[in-house]
Structures are given as structure tokens and as C-alpha cells.
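Structure file structure-v8.txt (compact mmCIF, C-alpha atoms and all ligand atoms) is printed below.
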# COMPACT_ATOMS: atom_id res chain seq x y z
CA MET S 1 9.71 -43.32 3.06
CA THR S 2 8.14 -40.11 1.81
CA THR S 3 6.41 -38.12 4.52
CA ILE S 4 2.88 -37.06 3.68
CA TYR S 5 1.29 -33.94 5.15
CA LYS S 6 -2.31 -32.96 4.59
CA ILE S 7 -2.85 -29.23 4.33
CA ALA S 8 -6.26 -27.57 4.18
CA LEU S 9 -6.22 -24.52 1.91
CA LEU S 10 -8.84 -21.87 2.63
CA ASP S 11 -8.45 -19.22 -0.08
CA GLY S 12 -10.74 -16.69 1.58
CA ASP S 13 -12.07 -13.52 -0.04
CA GLY S 14 -10.77 -10.53 -2.02
CA ILE S 15 -7.08 -10.96 -2.80
CA GLY S 16 -7.12 -14.35 -0.99
CA PRO S 17 -7.23 -16.62 -4.07
CA GLU S 18 -4.48 -14.79 -5.96
CA ILE S 19 -2.00 -14.71 -3.06
CA MET S 20 -2.87 -18.32 -2.15
CA LYS S 21 -1.80 -19.35 -5.68
CA GLU S 22 1.68 -18.08 -4.91
CA ALA S 23 1.72 -19.89 -1.57
CA VAL S 24 0.86 -23.12 -3.41
CA LYS S 25 3.65 -22.49 -5.95
CA THR S 26 6.07 -22.23 -3.07
CA LEU S 27 4.73 -25.40 -1.44
CA LYS S 28 5.15 -27.33 -4.70
CA CYS S 29 8.75 -26.17 -4.89
CA VAL S 30 9.38 -27.23 -1.28
CA GLU S 31 7.84 -30.61 -2.08
CA LYS S 32 10.27 -31.15 -4.95
CA ARG S 33 13.29 -30.19 -2.87
CA ASN S 34 12.43 -32.41 0.09
CA ASP S 35 11.31 -35.98 0.56
CA ILE S 36 7.80 -34.79 1.26
CA ASN S 37 4.35 -34.99 -0.23
CA PHE S 38 1.81 -32.27 0.45
CA GLU S 39 -1.77 -33.35 0.00
CA LEU S 40 -3.56 -30.07 -0.63
CA LEU S 41 -7.25 -29.98 0.27
CA ASN S 42 -9.17 -26.93 -0.97
CA ALA S 43 -12.19 -25.79 1.02
CA ASP S 44 -14.58 -22.83 0.95
CA PHE S 45 -14.33 -20.32 3.78
CA GLY S 46 -15.50 -16.76 4.26
CA ALA S 47 -17.96 -14.57 2.37
CA ASN S 48 -17.57 -16.63 -0.84
CA ALA S 49 -18.68 -19.73 1.10
CA TYR S 50 -21.65 -17.84 2.49
CA PHE S 51 -22.81 -16.79 -0.99
CA LYS S 52 -22.38 -20.38 -2.25
CA CYS S 53 -24.14 -22.24 0.52
CA GLY S 54 -25.37 -19.83 3.19
CA ASP S 55 -22.63 -20.68 5.67
CA PRO S 56 -19.21 -18.95 5.83
CA PHE S 57 -17.68 -22.00 7.59
CA PRO S 58 -19.55 -24.97 6.05
CA ASP S 59 -19.53 -28.43 7.62
CA GLU S 60 -17.58 -29.77 4.65
CA THR S 61 -14.81 -27.28 5.34
CA LYS S 62 -14.84 -28.20 9.02
CA ALA S 63 -14.42 -31.88 8.07
CA ILE S 64 -11.48 -31.07 5.77
CA CYS S 65 -9.80 -28.93 8.44
CA ASP S 66 -10.37 -31.65 11.05
CA GLN S 67 -8.44 -34.19 9.01
CA ALA S 68 -5.63 -31.84 7.93
CA ASP S 69 -2.25 -31.66 9.67
CA ALA S 70 -2.28 -27.88 9.27
CA ILE S 71 -4.42 -25.17 7.72
CA ILE S 72 -3.40 -22.27 5.52
CA LYS S 73 -5.97 -19.55 5.37
CA GLY S 74 -6.20 -16.48 3.16
CA PRO S 75 -7.76 -13.20 4.30
CA ILE S 76 -11.54 -13.00 4.59
CA GLY S 77 -14.14 -10.24 4.57
CA LEU S 78 -15.83 -7.77 2.27
CA ASN S 79 -15.93 -4.00 2.11
CA HIS S 80 -18.34 -2.12 4.37
CA GLU S 81 -21.19 -1.97 1.82
CA GLU S 82 -20.89 -5.57 0.60
CA SER S 83 -20.77 -6.84 4.18
CA LYS S 84 -24.28 -5.55 4.72
CA LYS S 85 -25.57 -8.23 2.30
CA ILE S 86 -24.73 -10.84 4.95
CA PRO S 87 -26.56 -11.15 8.29
CA VAL S 88 -24.34 -9.91 11.13
CA ASP S 89 -23.72 -13.35 12.66
CA LYS S 90 -22.86 -14.92 9.30
CA GLN S 91 -20.36 -12.26 8.32
CA PRO S 92 -17.07 -14.02 7.77
CA GLU S 93 -15.23 -12.54 10.77
CA ARG S 94 -17.89 -13.58 13.31
CA GLY S 95 -19.28 -16.53 11.35
CA ALA S 96 -16.07 -18.18 10.16
CA LEU S 97 -12.84 -16.80 11.56
CA LEU S 98 -13.70 -16.70 15.26
CA PRO S 99 -15.33 -20.17 15.08
CA LEU S 100 -12.16 -21.48 13.37
CA ARG S 101 -10.04 -20.09 16.21
CA ALA S 102 -12.40 -21.53 18.82
CA ARG S 103 -12.66 -24.94 17.11
CA TYR S 104 -8.90 -25.55 17.26
CA ASN S 105 -8.31 -23.48 20.37
CA THR S 106 -5.52 -21.59 18.64
CA TYR S 107 -4.61 -19.53 21.66
CA ALA S 108 -1.13 -18.41 20.66
CA ASN S 109 -0.90 -16.01 17.76
CA TYR S 110 2.65 -15.24 16.60
CA ARG S 111 3.00 -12.05 14.60
CA PRO S 112 6.57 -11.30 13.59
CA VAL S 113 7.30 -7.66 12.79
CA PHE S 114 10.43 -8.01 10.74
CA LEU S 115 12.25 -5.75 8.33
CA PRO S 116 15.94 -6.19 7.66
CA LYS S 117 18.02 -3.02 7.24
CA ALA S 118 18.25 -3.62 3.48
CA LEU S 119 14.46 -3.24 3.23
CA GLY S 120 14.36 -0.18 5.50
CA HIS S 121 13.04 1.93 2.60
CA PHE S 122 9.61 0.25 2.96
CA SER S 123 9.22 1.70 6.46
CA PRO S 124 7.69 5.15 6.99
CA LEU S 125 10.11 5.56 9.92
CA LYS S 126 13.37 7.47 9.48
CA ALA S 127 16.46 5.42 8.63
CA GLU S 128 18.03 6.27 12.00
CA VAL S 129 14.95 4.89 13.79
CA VAL S 130 14.98 1.65 11.76
CA GLY S 131 18.70 1.41 12.50
CA GLU S 132 19.99 -2.11 11.88
CA GLY S 133 16.44 -3.27 11.14
CA ILE S 134 13.22 -4.11 12.96
CA ASP S 135 13.01 -7.60 14.42
CA LEU S 136 10.40 -8.25 17.07
CA ILE S 137 7.61 -10.71 17.60
CA MET S 138 4.19 -9.99 19.03
CA ILE S 139 2.54 -12.85 20.84
CA ARG S 140 -1.18 -12.26 20.97
CA GLU S 141 -3.61 -14.32 23.05
CA LEU S 142 -6.18 -15.33 20.44
CA VAL S 143 -9.15 -17.12 21.99
CA GLY S 144 -10.07 -15.04 25.03
CA GLY S 145 -10.89 -11.50 26.09
CA LEU S 146 -13.48 -9.24 24.51
CA TYR S 147 -13.59 -11.29 21.32
CA PHE S 148 -15.06 -14.30 23.06
CA GLY S 149 -16.71 -12.85 26.20
CA LYS S 150 -20.44 -12.82 26.83
CA LYS S 151 -22.38 -10.25 24.82
CA GLU S 152 -25.68 -8.62 25.46
CA VAL S 153 -27.67 -6.22 23.30
CA GLY S 154 -31.02 -4.74 24.28
CA VAL S 155 -33.02 -1.84 25.62
CA ASN S 156 -32.47 -0.80 29.22
CA ASN S 157 -35.09 0.32 31.74
CA LYS S 158 -34.70 3.95 30.59
CA GLY S 159 -35.73 2.80 27.12
CA LEU S 160 -32.23 3.31 25.73
CA ARG S 161 -30.53 0.83 23.43
CA TYR S 162 -27.44 -0.56 25.12
CA VAL S 163 -24.71 -3.11 24.54
CA LYS S 164 -22.52 -5.03 26.95
CA GLU S 165 -19.42 -7.00 25.99
CA THR S 166 -17.28 -8.72 28.57
CA LEU S 167 -13.53 -9.13 28.79
CA GLU S 168 -12.94 -12.47 30.41
CA TYR S 169 -9.81 -14.46 31.19
CA ASP S 170 -9.12 -17.20 33.67
CA GLU S 171 -5.71 -17.95 35.09
CA GLU S 172 -5.18 -21.01 32.93
CA GLN S 173 -5.73 -19.01 29.74
CA ILE S 174 -3.23 -16.42 30.93
CA SER S 175 -0.61 -18.82 32.15
CA ARG S 176 -0.47 -20.86 28.92
CA ILE S 177 0.17 -17.77 26.77
CA MET S 178 2.80 -16.60 29.27
CA HIS S 179 4.60 -19.94 28.99
CA GLU S 180 4.64 -19.52 25.19
CA ALA S 181 5.99 -15.98 25.42
CA LEU S 182 8.63 -16.84 28.01
CA LYS S 183 9.80 -19.85 26.00
CA VAL S 184 10.15 -17.71 22.88
CA SER S 185 12.05 -15.11 24.95
CA MET S 186 14.44 -17.84 26.12
CA ARG S 187 15.22 -18.68 22.48
CA ARG S 188 15.75 -15.00 21.61
CA LYS S 189 17.13 -12.14 23.70
CA LYS S 190 15.67 -13.17 27.07
CA VAL S 191 13.73 -9.93 27.38
CA LEU S 192 9.93 -9.95 27.44
CA HIS S 193 7.79 -6.84 27.17
CA ASN S 194 4.49 -7.40 28.91
CA ILE S 195 1.77 -5.18 27.41
CA HIS S 196 -1.08 -4.32 29.76
CA LYS S 197 -3.40 -1.62 31.09
CA SER S 198 -3.37 -2.42 34.80
CA ASN S 199 -3.89 1.23 35.77
CA VAL S 200 -7.48 0.82 34.57
CA LEU S 201 -8.41 -2.78 33.79
CA LYS S 202 -8.76 -5.49 36.43
CA SER S 203 -8.14 -8.05 33.70
CA SER S 204 -4.63 -6.61 33.35
CA VAL S 205 -4.08 -6.83 37.12
CA LEU S 206 -4.71 -10.58 36.99
CA TRP S 207 -2.71 -10.83 33.74
CA ASN S 208 0.34 -9.28 35.47
CA GLU S 209 -0.11 -11.36 38.61
CA ILE S 210 -0.08 -14.61 36.63
CA LEU S 211 2.93 -13.46 34.63
CA GLU S 212 4.85 -12.88 37.85
CA GLU S 213 4.06 -16.43 38.99
CA VAL S 214 4.88 -18.10 35.67
CA ALA S 215 8.04 -16.03 35.19
CA GLN S 216 9.57 -17.66 38.27
CA GLU S 217 10.09 -20.74 36.12
CA TYR S 218 12.14 -18.64 33.68
CA PRO S 219 14.49 -16.67 35.97
CA GLU S 220 16.79 -15.73 33.09
CA VAL S 221 14.12 -13.71 31.29
CA GLU S 222 13.97 -10.03 32.14
CA ILE S 223 10.36 -8.82 32.23
CA LYS S 224 9.57 -5.24 31.27
CA HIS S 225 6.06 -3.98 31.96
CA ILE S 226 4.65 -1.42 29.64
CA LEU S 227 1.19 0.13 29.31
CA VAL S 228 -0.45 -0.54 25.98
CA ASP S 229 -0.83 3.12 25.05
CA ALA S 230 2.83 3.79 25.80
CA ALA S 231 3.77 0.72 23.77
CA ALA S 232 1.95 2.20 20.77
CA THR S 233 4.07 5.34 20.99
CA LEU S 234 7.34 3.50 21.53
CA LEU S 235 6.71 1.23 18.56
CA CYS S 236 6.92 4.36 16.41
CA LEU S 237 9.71 6.14 18.27
CA ASP S 238 12.04 3.21 18.83
CA PRO S 239 10.81 -0.23 17.77
CA THR S 240 14.30 -1.70 18.07
CA GLN S 241 13.99 -1.74 21.87
CA PHE S 242 11.47 -4.59 21.60
CA ASP S 243 12.18 -8.27 21.07
CA VAL S 244 9.22 -10.33 22.34
CA MET S 245 5.94 -8.67 23.31
CA VAL S 246 3.02 -10.49 24.92
CA MET S 247 -0.54 -9.13 25.04
CA GLU S 248 -4.20 -10.01 25.29
CA ASN S 249 -6.42 -10.48 22.25
CA MET S 250 -7.75 -6.98 21.55
CA PHE S 251 -4.49 -5.19 22.34
CA GLY S 252 -2.79 -7.64 19.99
CA ASP S 253 -5.22 -6.94 17.19
CA ILE S 254 -4.48 -3.23 17.35
CA LEU S 255 -0.76 -3.27 18.06
CA SER S 256 -0.06 -5.87 15.37
CA ASP S 257 -1.65 -3.63 12.74
CA GLN S 258 0.59 -0.89 14.01
CA GLY S 259 3.43 -3.37 13.57
CA GLY S 260 2.47 -3.60 9.90
CA GLY S 261 2.35 0.18 9.81
CA ILE S 262 5.93 0.64 10.97
CA LEU S 263 7.10 -1.90 8.38
CA GLY S 264 5.30 0.04 5.68
CA SER S 265 2.49 -2.41 4.95
CA LEU S 266 0.32 -5.09 6.49
CA GLY S 267 1.33 -7.02 3.38
CA LEU S 268 4.57 -7.77 5.23
CA MET S 269 2.80 -9.46 8.16
CA PRO S 270 2.37 -13.24 8.12
CA SER S 271 1.18 -15.04 11.24
CA ALA S 272 0.85 -18.38 12.96
CA CYS S 273 -2.11 -19.34 15.15
CA ILE S 274 -1.00 -22.21 17.32
CA GLY S 275 -3.32 -24.60 19.12
CA PRO S 276 -2.62 -27.63 21.30
CA GLU S 277 -3.39 -30.08 18.48
CA LYS S 278 -3.76 -28.09 15.32
CA SER S 279 -2.49 -24.80 14.04
CA TYR S 280 -3.45 -22.55 11.20
CA TYR S 281 -1.51 -19.90 9.36
CA GLU S 282 -2.76 -16.65 7.88
CA PRO S 283 -1.70 -13.17 6.81
CA SER S 284 -2.50 -10.57 9.50
CA HIS S 285 -4.14 -8.31 6.93
CA GLY S 286 -7.62 -8.15 5.44
CA SER S 287 -8.88 -9.18 2.02
CA ALA S 288 -8.18 -5.78 0.35
CA PRO S 289 -11.28 -5.87 -1.90
CA ASP S 290 -10.17 -2.63 -3.60
CA ILE S 291 -7.20 -4.32 -5.27
CA ALA S 292 -8.65 -7.85 -5.60
CA GLY S 293 -8.23 -9.59 -8.97
CA LYS S 294 -5.68 -7.06 -10.23
CA ASN S 295 -2.61 -9.24 -9.70
CA ILE S 296 -0.87 -6.46 -7.77
CA ALA S 297 -1.09 -7.61 -4.13
CA ASN S 298 2.17 -8.76 -2.64
CA PRO S 299 2.02 -12.42 -1.54
CA TYR S 300 4.79 -12.01 1.11
CA SER S 301 2.45 -12.43 4.08
CA MET S 302 0.84 -15.53 2.53
CA ILE S 303 4.14 -17.16 1.55
CA GLY S 304 5.56 -16.12 4.93
CA SER S 305 2.66 -17.94 6.57
CA VAL S 306 3.72 -21.06 4.64
CA ALA S 307 7.22 -20.62 6.03
CA MET S 308 5.80 -20.36 9.55
CA MET S 309 3.80 -23.55 8.97
CA LEU S 310 6.89 -25.45 7.79
CA GLU S 311 8.75 -24.38 10.91
CA SER S 312 6.02 -24.82 13.53
CA SER S 313 3.90 -27.70 12.23
CA PHE S 314 6.39 -29.74 10.18
CA ASN S 315 9.70 -29.15 11.93
CA MET S 316 11.33 -27.70 8.79
CA ALA S 317 12.99 -24.60 10.21
CA ALA S 318 15.88 -24.59 7.72
CA GLU S 319 13.61 -24.68 4.67
CA ALA S 320 11.43 -21.99 6.27
CA LYS S 321 14.52 -19.80 6.58
CA ASN S 322 15.27 -20.40 2.90
CA ILE S 323 11.81 -19.09 2.01
CA TRP S 324 12.33 -15.93 4.07
CA ASN S 325 15.69 -15.38 2.43
CA ALA S 326 14.23 -15.98 -1.03
CA MET S 327 11.46 -13.42 -0.49
CA GLN S 328 13.80 -10.81 0.94
CA GLY S 329 16.22 -11.51 -1.89
CA VAL S 330 13.55 -10.57 -4.44
CA PHE S 331 13.03 -7.23 -2.69
CA ILE S 332 16.76 -6.66 -2.35
CA ASP S 333 17.11 -7.20 -6.11
CA GLY S 334 14.92 -4.11 -6.44
CA TYR S 335 11.57 -5.72 -7.28
CA SER S 336 8.28 -4.78 -5.69
CA THR S 337 4.56 -4.96 -6.30
CA PRO S 338 2.45 -1.80 -6.76
CA ASP S 339 0.68 -2.22 -3.41
CA LEU S 340 3.99 -1.81 -1.56
CA SER S 341 5.85 0.79 -3.59
CA LYS S 342 5.18 3.82 -5.69
CA PRO S 343 6.55 3.73 -9.25
CA GLY S 344 9.91 5.38 -9.77
CA ALA S 345 12.86 5.57 -7.42
CA GLY S 346 14.47 2.65 -9.23
CA VAL S 347 11.83 0.12 -8.20
CA LYS S 348 11.20 -2.61 -10.76
CA MET S 349 7.46 -3.18 -10.56
CA ILE S 350 6.20 -6.75 -10.87
CA SER S 351 2.88 -8.53 -10.38
CA THR S 352 1.70 -10.90 -7.67
CA SER S 353 2.45 -13.95 -9.80
CA GLU S 354 5.83 -12.64 -10.95
CA PHE S 355 6.78 -12.11 -7.32
CA GLY S 356 5.85 -15.74 -6.59
CA ASP S 357 7.85 -16.94 -9.62
CA LYS S 358 10.91 -15.04 -8.48
CA VAL S 359 10.66 -16.43 -4.95
CA VAL S 360 10.44 -19.95 -6.35
CA ALA S 361 13.41 -19.36 -8.68
CA LYS S 362 15.52 -18.20 -5.73
CA LEU S 363 14.41 -21.10 -3.57
CA LYS S 364 15.25 -23.61 -6.31
CA ALA S 365 18.76 -22.17 -6.51
CA MET S 366 19.40 -22.65 -2.78
CA PRO S 367 21.24 -25.72 -1.50
CA LYS S 368 18.86 -28.40 -0.31
CA VAL S 369 18.60 -28.85 3.44
C1 LIG D 1 -6.78 -10.11 12.65
C2 LIG D 1 -8.05 -9.58 12.05
C3 LIG D 1 -9.23 -10.28 12.72
C4 LIG D 1 -9.17 -9.98 14.21
C5 LIG D 1 -10.59 -9.89 12.13
C6 LIG D 1 -10.67 -10.19 10.65
C7 LIG D 1 -11.74 -10.53 12.87
O1 LIG D 1 -8.13 -8.22 12.16
O2 LIG D 1 -6.53 -11.32 12.55
O3 LIG D 1 -6.04 -9.30 13.21
O4 LIG D 1 -9.68 -8.94 14.64
O5 LIG D 1 -8.60 -10.79 14.94
MG MG D 2 -6.42 -7.34 12.99

Mind converting the file's structure to C-alpha cells?
Amino acid sequence: MTTIYKIALLDGDGIGPEIMKEAVKTLKCVEKRNDINFELLNADFGANAYFKCGDPFPDETKAICDQADAIIKGPIGLNHEESKKIPVDKQPERGALLPLRARYNTYANYRPVFLPKALGHFSPLKAEVVGEGIDLIMIRELVGGLYFGKKEVGVNNKGLRYVKETLEYDEEQISRIMHEALKVSMRRKKVLHNIHKSNVLKSSVLWNEILEEVAQEYPEVEIKHILVDAAATLLCLDPTQFDVMVMENMFGDILSDQGGGILGSLGLMPSACIGPEKSYYEPSHGSAPDIAGKNIANPYSMIGSVAMMLESSFNMAAEAKNIWNAMQGVFIDGYSTPDLSKPGAGVKMISTSEFGDKVVAKLKAMPKV
């Protein structure tokens, strides 16, 4: 019997709709190659939803997401000036994205930072630093810390405007992300880099304490502690020393963008946001309003997010691998989109949709799994 999966598609803003189109192309191809039916449910989300109905995460969208088996989400947000047209609490980051994360409790955010040697030319790092390629995964806690702590804004008794934001974690929140990270380490090189700032932050002291306790259940994994600022330096100087890195929410936001930086673009950064019952998948980058609608944005991070969904939500690891190989194959054949490469140097420049077509052509040619 054909398996049916319901997938909510949230295009998002800026380049969201055009890269989502390529993700859908890929899904249709996967559908044909496997005994599977994807029921695709489109829903409004982000600034576009706000301008349509006054809510960046409308109830209708919530209902669609609730009944879906998984969610694929494009980037959201507007440029600095356009954002001002939306009240602060309805801006898509605060009004849609964080509520989405909270609604499905997607506490584990997987951000692979991956660049095979053959694609080393995309990286701003020297060839000898990239070595045999960059292959690490950042595991970011996604529903705690400063992002979700209590906030206070006001005027203090000296008459000065002040703000207070709190970084909160309890031991359960820390231990569940540690279990994730340690399990991933067991499947990889059995080395876990713990990113913290325990020389200053009490939250990191508890973070490290809980890690020590949880790690006893995974005696084979070697734990390496590293301060977040030092980690930022080492990611540039020698990223190949890392395999699995675990970190709290805010550190993960910053270091994962740096991860995109050492690859050469955030366009190469898909991600998976895993919750206990439901997960959603999204590029790590923003909506790039400056290049929206030009058909030049690379859809790698969006199609890569599809691959991560197939693996994590639908148990289709082999087909996910085929998608990765297809995308890398297109680059290895010398093609690129203008957002990733400058003209010249033998690069054959193609558009967003041509990139998607080429990925699909490669996937079609691969043996079925
Ligand atoms: C990310 C993004 C979001 C975050 C923004 C859009 C709120 O930067 O997913 O990394 O800060 O988590
Ligand atoms: Mg970010």
C-alpha cells in the first residue's frame, strides 16, 4: 500500500517562494521514485501572512501544521526598513518563528556544516585549512535560553529606560539536548565538543554539570569542553577538528552563521528542528530580500532541508543521501548560482530553477532505493 505523508509548506518571505518551488520539484521526483504519496499543504507564514490577515502565524496555518506529519518552512523576515511597518510583536521572527518553535517544542536544532573537498573553492578558508573537507554538525538547543526567557522593558527609579532579558534553563531542558548530542556523537566519531561560557555565565556552569551526569551513560564518547569565544576562532583556524558540537540557543544562532561563513555562504546551510512529536525543516539563512524574485538564490539549503526531513521524519536515509549527492554533483559539474559564485573562473552560471532542474535530473538517474 502506498504510504501517504502530509507535509505543510510554509513558503515564507523574500526568496522563500522561489527556493520552495525547487524543494517541491525535488519532493515530486522522490514521490515518483518511491511508493509514497506526499500531500502538500500550503499555508501562509511570516510577513506576507501579516500583510494578508494581520497575523504572521494565522490560526489556519496552525491547523494545517497541526495535522501535518512534518513541516517545511522557507526563510522569513523583511529588511530593516520594511520591518518597521509591522508592530514589534507581530514581526515574523517574534510573531511567527518563535511561536512555531514553541508550539512543537522543537528543542533540537541540527545544523550540518558540510563541504566536501571537491567544493572547497566555495570556502573563504585556505585549501590547506579545508583539507579533506569540512564535516561537522552543530546541535543547537532551540526552545530555551535568552530567546524564551522572561523580558522586561521600562523606566527605572533613576528615570532611565532599561531592559531585562533572562537566560533560563532547567536541568530537563539541558539533559534532553545532551542526550541528542551524545547519541549523534555515538553514530559519528564519538567526540563531542561542548560549547559554553562557564567562566562567566552560571547557566553554563549548570549546562556543564548536567552534561557530566548525562555523559556517564555514554562512556565511549570523549567530551571536549571549549569556551564559545575560543570555538569561534577555532572554527576559522581549523574546523576539521570538530565533529559534533552542542550549544545553547543564542550561542548556536551565532556560531551556526559562522558555520555558513566558513563554507562560503549561508545558502549552504539547511537545518532540522526536531520536536518530540513533530519536526520542521528550514534553511538557516534569512529571506535575502535584496535578491528576492530574481531567480538567482541557490536552493541548496531548502532542498537540503527536504533531505533532512526524509531522513529524520520519514526514515528515508538512503534517498536523502541521493539528494545530497545530486546537489553536490551539480556543483562538481561546475554549475553555480550568482549568489554563491562570481562570474568567471570557469563557473557555469545558472538560475535557481535551473539548479533545481539539474538536481532532479541527477536524482532521476540514480538507482532507486
Ligand atoms: C536562525 C535565525 C532565527 C534565530 C531568527 C530569524 C529569529 O537567525 O534560525 O538562526 O535567531 O533563531
Ligand atoms: Mg540565525

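Among the candidates S:Leu167, S:Met308, S:Val221, S:Leu142, the one nearest to ligand MG 2 (chain D) when counting only C-alpha atoms and all ligand atoms is S:Leu142.
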
*Exercise answer, 10 Å around ligand MG 2 (chain D) with all atoms listed in the file, as number ranges by chain*: S: 249-258, 266, 283-286

*asked:* Applying 7 Å and only C-alpha atoms, which residues near range 175-189 of chain S remain after dropping the ones on its own chain fewer than 6 positions away? List them as a list in words.
replied: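 So, after excluding close chain neighbours, the residues are Ala108, Ile139, Glu141, Ile210, Leu211, Val214, Tyr218, Val221, Asp243, Val244 and Val246 of chain S.
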
_Å distance separating CA of Lys73 in chain S from CA of Tyr281 in chain S, one decimal place_ = 6.0 Å

*Would you mind listing what lies within 9 Å of Leu136 in chain S as a PyMOL selection string, with only C-alpha atoms counted and same-chain residues fewer than 4 positions away left out?*
chain S and resi 111-114+239-245

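Of the listed residues S:Met349, S:Ile64, S:Met269, S:Ala320, the one whose atoms come nearest to ligand LIG 1 (chain D) is S:Met269, with distances taken using all atoms listed in the file.
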
_Nearest candidate to Asn34 in chain S (options S:Asp59, S:Pro75, S:Thr3, S:His225; using all atoms listed in the file)_ =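 That would be S:Thr3, the residue with the smallest distance to Asn34 in chain S.
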
*May I ask for the distance between CA of Gly95 in chain S and CA of Pro56 in chain S, given in Å to one decimal place?*
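Rounded to one decimal, the two atoms are 6.0 Å apart.
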
*One decimal, Å: what's the distance from CA of Pro276 in chain S over to CA of Lys202 in chain S, could you say?*
27.5 Å

*Show which residues sit within 12 Å of Cys65 in chain S, as a PyMOL selection string. Count all atoms listed in the file, and ignore same-chain residues fewer than 2 positions away.*
chain S and resi 6-10+40-45+57-63+67-73+100-101+103-104+277-280

*Which is closest to ligand LIG 1 (chain D) among S:Glu18, S:Pro116, S:Val200, S:Ser271, if we use only C-alpha atoms and all ligand atoms?*
S:Ser271

*With only C-alpha atoms and all ligand atoms as the atoms that count, which of S:Asp135, S:Asp357, S:Glu248, S:Asp333 lies nearest to ligand LIG 1 (chain D)?*
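Ranked by minimum distance to ligand LIG 1 (chain D), first place goes to S:Glu248.
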
*From the set S:Ile332, S:Leu97, S:Leu268, S:Ile323, which residue has the shortest atom-to-atom contact distance to Ala365 in chain S, counting all atoms listed in the file?*
S:Ile323
